[in-house]
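For reference, upload.pdb is printed below; it contains PDB, C-alpha atoms.
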```pdb
ATOM      1  CA  MET R   1     -15.918  -9.611 -25.494
ATOM      2  CA  PRO R   2     -13.910  -6.464 -24.652
ATOM      3  CA  THR R   3     -10.712  -5.941 -26.538
ATOM      4  CA  THR R   4      -7.545  -7.098 -24.838
ATOM      5  CA  PRO R   5      -5.105  -4.282 -23.968
ATOM      6  CA  GLU R   6      -1.727  -4.350 -25.664
ATOM      7  CA  PRO R   7       0.747  -6.663 -23.893
ATOM      8  CA  LYS R   8       2.654  -4.112 -21.793
ATOM      9  CA  LYS R   9      -0.616  -2.613 -20.509
ATOM     10  CA  GLN R  10      -2.102  -5.802 -19.070
ATOM     11  CA  TRP R  11      -1.974  -5.452 -15.276
ATOM     12  CA  TYR R  12      -3.506  -8.066 -13.003
ATOM     13  CA  VAL R  13      -4.088  -8.227  -9.272
ATOM     14  CA  ALA R  14      -2.920 -11.568  -7.886
ATOM     15  CA  HIS R  15      -4.269 -12.709  -4.525
ATOM     16  CA  VAL R  16      -1.434 -14.083  -2.393
ATOM     17  CA  LEU R  17      -1.048 -15.461   1.107
ATOM     18  CA  SER R  18      -1.209 -12.568   3.539
ATOM     19  CA  GLY R  19       2.182 -11.581   4.913
ATOM     20  CA  GLN R  20       3.966 -13.331   2.037
ATOM     21  CA  GLU R  21       3.640 -10.664  -0.625
ATOM     22  CA  LYS R  22       7.373  -9.975  -0.959
ATOM     23  CA  SER R  23       8.472 -13.620  -0.812
ATOM     24  CA  THR R  24       5.813 -14.599  -3.371
ATOM     25  CA  ALA R  25       6.920 -11.779  -5.679
ATOM     26  CA  ARG R  26      10.540 -12.916  -5.248
ATOM     27  CA  ARG R  27       9.641 -16.552  -6.074
ATOM     28  CA  LEU R  28       7.737 -15.425  -9.166
ATOM     29  CA  GLN R  29      10.691 -13.270 -10.285
ATOM     30  CA  GLU R  30      13.072 -16.210  -9.793
ATOM     31  CA  LEU R  31      10.785 -18.393 -11.932
ATOM     32  CA  ILE R  32      10.659 -15.703 -14.629
ATOM     33  CA  ASP R  33      14.461 -15.487 -14.674
ATOM     34  CA  ARG R  34      14.965 -19.270 -14.598
ATOM     35  CA  GLU R  35      12.377 -20.041 -17.314
ATOM     36  CA  GLU R  36      13.209 -16.939 -19.389
ATOM     37  CA  LEU R  37       9.654 -15.604 -19.239
ATOM     38  CA  SER R  38      10.494 -11.898 -19.371
ATOM     39  CA  LYS R  39       8.835 -11.658 -22.789
ATOM     40  CA  HIS R  40       5.503 -12.472 -21.072
ATOM     41  CA  ILE R  41       5.821 -11.204 -17.497
ATOM     42  CA  PHE R  42       7.209  -7.677 -17.365
ATOM     43  CA  GLU R  43       6.929  -6.354 -13.821
ATOM     44  CA  ILE R  44       5.826  -7.369 -10.319
ATOM     45  CA  LEU R  45       4.866  -4.758  -7.738
ATOM     46  CA  VAL R  46       4.326  -4.988  -3.991
ATOM     47  CA  PRO R  47       3.287  -1.367  -3.296
ATOM     48  CA  GLU R  48       4.466  -0.021   0.043
ATOM     49  CA  GLU R  49       4.411   3.271   1.868
ATOM     50  CA  THR R  50       6.543   4.639   4.671
ATOM     51  CA  VAL R  51       4.654   5.175   7.919
ATOM     52  CA  SER R  52       5.960   6.791  11.058
ATOM     53  CA  GLU R  53       5.002   5.744  14.543
ATOM     54  CA  VAL R  54       6.186   6.237  18.075
ATOM     55  CA  LYS R  55       7.117   3.199  20.130
ATOM     56  CA  LYS R  56       8.559   3.517  23.615
ATOM     57  CA  GLY R  57       9.089   7.231  23.095
ATOM     58  CA  GLU R  58      11.079   6.820  19.878
ATOM     59  CA  ARG R  59       9.912   7.850  16.449
ATOM     60  CA  LYS R  60      10.407   5.044  13.957
ATOM     61  CA  GLU R  61       9.618   4.663  10.302
ATOM     62  CA  ARG R  62       8.682   1.378   8.697
ATOM     63  CA  GLN R  63       7.413   0.075   5.388
ATOM     64  CA  LYS R  64       3.763  -0.935   5.209
ATOM     65  CA  LYS R  65       2.026  -2.656   2.307
ATOM     66  CA  PHE R  66      -1.004  -0.767   1.118
ATOM     67  CA  PHE R  67      -2.585  -3.726  -0.668
ATOM     68  CA  PRO R  68      -2.029  -6.485   1.938
ATOM     69  CA  GLY R  69      -2.636  -9.933   0.467
ATOM     70  CA  TYR R  70      -2.124  -8.800  -3.141
ATOM     71  CA  ILE R  71       0.651  -8.248  -5.642
ATOM     72  CA  LEU R  72       0.341  -6.471  -8.974
ATOM     73  CA  VAL R  73       1.643  -8.209 -12.063
ATOM     74  CA  ASN R  74       2.194  -6.632 -15.469
ATOM     75  CA  MET R  75       2.049  -9.559 -17.862
ATOM     76  CA  TYR R  76       0.947 -10.740 -21.238
ATOM     77  CA  LEU R  77      -1.667 -13.326 -20.222
ATOM     78  CA  TYR R  78      -3.866 -13.345 -23.343
ATOM     79  CA  ASP R  79      -2.885 -13.414 -26.981
ATOM     80  CA  GLU R  80      -4.550 -11.362 -29.746
ATOM     81  CA  GLU R  81      -7.350 -13.951 -30.132
ATOM     82  CA  GLY R  82      -8.144 -13.862 -26.404
ATOM     83  CA  GLY R  83      -6.597 -17.244 -25.622
ATOM     84  CA  LEU R  84      -4.531 -17.826 -22.510
ATOM     85  CA  ILE R  85      -0.774 -17.931 -23.017
ATOM     86  CA  ALA R  86       0.140 -21.254 -21.412
ATOM     87  CA  GLU R  87       3.658 -20.259 -20.292
ATOM     88  CA  THR R  88       2.387 -17.219 -18.405
ATOM     89  CA  TRP R  89      -0.612 -19.014 -16.921
ATOM     90  CA  ASP R  90       1.542 -21.941 -15.745
ATOM     91  CA  ALA R  91       4.145 -19.603 -14.199
ATOM     92  CA  ILE R  92       1.494 -17.834 -12.150
ATOM     93  CA  ASN R  93      -0.297 -21.019 -11.106
ATOM     94  CA  ASN R  94       2.946 -22.787 -10.193
ATOM     95  CA  THR R  95       4.259 -20.036  -7.911
ATOM     96  CA  ASP R  96       3.890 -20.914  -4.232
ATOM     97  CA  GLY R  97       1.875 -18.299  -2.402
ATOM     98  CA  ILE R  98      -0.360 -17.192  -5.290
ATOM     99  CA  ILE R  99      -3.967 -18.122  -4.548
ATOM    100  CA  GLY R 100      -5.657 -16.674  -7.612
ATOM    101  CA  PHE R 101      -6.698 -13.390  -9.139
ATOM    102  CA  ALA R 102      -8.775 -10.655  -7.550
ATOM    103  CA  GLY R 103     -12.342 -10.397  -8.761
ATOM    104  CA  THR R 104     -12.405 -13.442 -11.041
ATOM    105  CA  LYS R 105     -12.494 -17.210 -10.830
ATOM    106  CA  ASN R 106     -11.721 -18.911 -14.112
ATOM    107  CA  ARG R 107     -10.762 -16.093 -16.471
ATOM    108  CA  PRO R 108      -8.674 -13.260 -14.995
ATOM    109  CA  LEU R 109      -9.394  -9.849 -16.444
ATOM    110  CA  PRO R 110      -6.765  -7.144 -16.813
ATOM    111  CA  MET R 111      -7.320  -3.932 -14.887
ATOM    112  CA  ARG R 112      -8.879  -1.067 -16.836
ATOM    113  CA  GLN R 113      -6.389   1.544 -18.027
ATOM    114  CA  LYS R 114      -7.981   4.202 -15.777
ATOM    115  CA  GLU R 115      -7.513   1.904 -12.769
ATOM    116  CA  VAL R 116      -3.878   1.290 -13.694
ATOM    117  CA  GLU R 117      -3.169   5.025 -14.050
ATOM    118  CA  SER R 118      -4.866   5.783 -10.735
ATOM    119  CA  MET R 119      -2.986   2.965  -9.003
ATOM    120  CA  MET R 120       0.382   4.087 -10.403
ATOM    121  CA  ASN R 121      -0.250   7.666  -9.287
ATOM    122  CA  GLN R 122      -1.200   6.428  -5.827
ATOM    123  CA  ILE R 123       1.967   4.295  -5.622
ATOM    124  CA  LYS R 124       4.117   7.260  -6.684
ATOM    125  CA  GLU R 125       2.480   9.660  -4.202
ATOM    126  CA  ARG R 126       2.761   7.248  -1.293
ATOM    127  CA  ALA R 127       6.390   6.454  -2.083
ATOM    128  CA  GLU R 128       7.310  10.148  -1.838
ATOM    129  CA  GLU R 129       5.821  10.879   1.584
ATOM    130  CA  THR R 130       5.838   9.493   5.088
ATOM    131  CA  ARG R 131       2.409   9.021   6.568
ATOM    132  CA  PRO R 132       1.415   8.512  10.177
ATOM    133  CA  SER R 133       0.655   4.925  11.127
ATOM    134  CA  VAL R 134      -2.367   6.161  13.076
ATOM    135  CA  VAL R 135      -4.934   8.357  11.386
ATOM    136  CA  PHE R 136      -6.315  11.124  13.562
ATOM    137  CA  ASN R 137      -9.699  12.793  13.190
ATOM    138  CA  VAL R 138     -11.045  16.076  14.523
ATOM    139  CA  GLY R 139     -12.577  15.395  17.936
ATOM    140  CA  ASP R 140     -10.260  12.471  18.805
ATOM    141  CA  SER R 141      -8.873  12.339  22.314
ATOM    142  CA  VAL R 142      -5.071  12.061  22.226
ATOM    143  CA  LYS R 143      -2.136  11.835  24.616
ATOM    144  CA  VAL R 144       0.960  13.907  23.851
ATOM    145  CA  THR R 145       3.994  11.575  23.721
ATOM    146  CA  ASP R 146       6.796  14.036  22.967
ATOM    147  CA  GLY R 147       7.742  17.650  23.567
ATOM    148  CA  PRO R 148       7.034  20.136  26.355
ATOM    149  CA  PHE R 149       3.429  18.933  26.759
ATOM    150  CA  GLU R 150       4.360  15.257  27.095
ATOM    151  CA  ALA R 151       1.800  13.187  29.057
ATOM    152  CA  GLN R 152      -0.919  15.841  28.621
ATOM    153  CA  THR R 153      -4.205  14.790  27.062
ATOM    154  CA  GLY R 154      -6.194  16.853  24.629
ATOM    155  CA  ILE R 155      -8.719  16.965  21.831
ATOM    156  CA  VAL R 156      -7.778  17.235  18.134
ATOM    157  CA  GLU R 157      -9.135  20.523  16.766
ATOM    158  CA  GLU R 158      -7.539  20.670  13.294
ATOM    159  CA  ILE R 159      -5.657  18.317  10.953
ATOM    160  CA  ASP R 160      -3.064  19.446   8.385
ATOM    161  CA  MET R 161      -2.230  16.407   6.222
ATOM    162  CA  GLU R 162       0.221  18.331   4.027
ATOM    163  CA  LYS R 163       2.385  19.336   6.990
ATOM    164  CA  GLY R 164       1.822  16.066   8.835
ATOM    165  CA  GLY R 165       0.516  17.819  11.894
ATOM    166  CA  MET R 166      -2.492  18.773  13.947
ATOM    167  CA  ARG R 167      -3.678  21.332  16.465
ATOM    168  CA  VAL R 168      -4.600  19.817  19.812
ATOM    169  CA  SER R 169      -6.364  21.605  22.638
ATOM    170  CA  VAL R 170      -4.736  20.695  25.980
ATOM    171  CA  THR R 171      -5.669  22.005  29.423
ATOM    172  CA  ILE R 172      -2.872  23.859  31.198
ATOM    173  CA  PHE R 173      -3.453  25.594  34.524
ATOM    174  CA  GLY R 174      -7.181  25.158  34.071
ATOM    175  CA  ARG R 175      -7.260  26.815  30.635
ATOM    176  CA  SER R 176      -7.650  25.272  27.212
ATOM    177  CA  THR R 177      -4.509  25.942  25.157
ATOM    178  CA  PRO R 178      -4.023  25.086  21.458
ATOM    179  CA  VAL R 179      -0.784  23.200  20.755
ATOM    180  CA  ASP R 180       0.610  22.380  17.308
ATOM    181  CA  LEU R 181       1.984  18.836  17.109
ATOM    182  CA  GLU R 182       3.330  16.537  14.446
ATOM    183  CA  PHE R 183       1.412  13.268  14.106
ATOM    184  CA  TRP R 184       4.203  11.240  15.664
ATOM    185  CA  GLN R 185       4.096  13.372  18.825
ATOM    186  CA  ALA R 186       0.718  12.004  19.921
ATOM    187  CA  GLU R 187      -1.207   8.781  20.190
ATOM    188  CA  LYS R 188      -4.921   8.060  20.338
ATOM    189  CA  GLU R 189      -6.337   7.366  23.768
TER     190      GLU R 189
END
```
I'd like the structure from this file rewritten - as structure tokens, please.
Amino acid sequence: MPTTPEPKKQWYVAHVLSGQEKSTARRLQELIDREELSKHIFEILVPEETVSEVKKGERKERQKKFFPGYILVNMYLYDEEGGLIAETWDAINNTDGIIGFAGTKNRPLPMRQKEVESMMNQIKERAEETRPSVVFNVGDSVKVTDGPFEAQTGIVEEIDMEKGGMRVSVTIFGRSTPVDLEFWQAEKE
């Protein structure tokens, strides 16, 4: 049997009812506070990222979960001998909305440390940037939704993820013309 990580490094992926990630995390946190379980359950995450999109000609930003149907829980589920800690197990199983754990049936396994580090880096990166809600690819046909070329159609020639933009080839007066756009200024056709 693999060794159990130290308590504060035990991260688990809990499967929850889709669309109820935040409310399930809130209910679990309320249970932790009410039952004084903070010595066993340390942190609950519902990772989100900011995405921008254009609706009815207006650019809007919204929060989007990037692990829909899952929450991440940092908890002390197993003791040094590998036995389940009843208080922690009962808290998780008695929280409405939690279905189980990802990847296991009867004996949840903590994430590997490399997975945790990668996940935390991903959460940090996505929290610092706004991403387009629609992902464009070279060769996609798009319609310009904002700016001087509004309502023109074109083909994506280049993508610049760092700047959040792309170069689109539109036809003006019978000639192909490259136009630099931000992601939110176009939509896929």
For the atom pair atom CA of R:Thr171 and atom CA of R:Val138, what is the interatomic distance in Å to one decimal place?
-> 16.9 Å
Find the residues near R:Gln185: any atom within 6 Å, counting only C-alpha atoms, skip ones fewer than 6 places away on the same chain, and give them as a VMD selection string.
-> chain R and resid 144 to 146
Target residues per the PyMOL selection byres ((chain R and resi 181) around 9), formatted as a list in words =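 When the PyMOL selection byres ((chain R and resi 181) around 9) is applied to the shown file, the picked residues are Val144, Asp146, Gly147, Gly164, Gly165, Met166, Arg167, Val168, Val179, Asp180, Glu182, Phe183, Trp184, Gln185 and Ala186 of chain R.
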Counting all atoms listed in the file, the residue of R:Glu129, R:Glu150, R:Glu162, R:Glu157 that sits nearest R:Ser52 | R:Glu129
Taking only residues of stretch 53-139 of chain R that have an atom at most 7 Å from an atom of stretch 7-23 of chain R, what is each one's shortest atom pair and its distance in Å to one decimal, using all atoms listed in the file, in chain and number order, as a tab-separated table?
```
residue	atom	partner	partner_atom	distance
R:Pro68	CA	R:Ser18	CA	6.3
R:Gly69	CA	R:Ser18	CA	4.3
R:Tyr70	CA	R:His15	CA	4.7
R:Ile71	CA	R:Ala14	CA	5.4
R:Leu72	CA	R:Val13	CA	4.8
R:Val73	CA	R:Tyr12	CA	5.2
R:Asn74	CA	R:Trp11	CA	4.3
R:Met75	CA	R:Gln10	CA	5.7
R:Tyr76	CA	R:Pro7	CA	4.9
R:Gly97	CA	R:Val16	CA	5.4
R:Ile98	CA	R:Val16	CA	4.4
R:Ile99	CA	R:Val16	CA	5.2
R:Gly100	CA	R:His15	CA	5.2
R:Phe101	CA	R:Ala14	CA	4.4
R:Ala102	CA	R:Val13	CA	5.6
R:Pro110	CA	R:Tyr12	CA	5.1
R:Met111	CA	R:Trp11	CA	5.6
```
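Nearest to R:Asn137 of all the residues R:Leu31, R:Ile123, R:Val116, R:Ile159 is R:Ile159, counting only C-alpha atoms.
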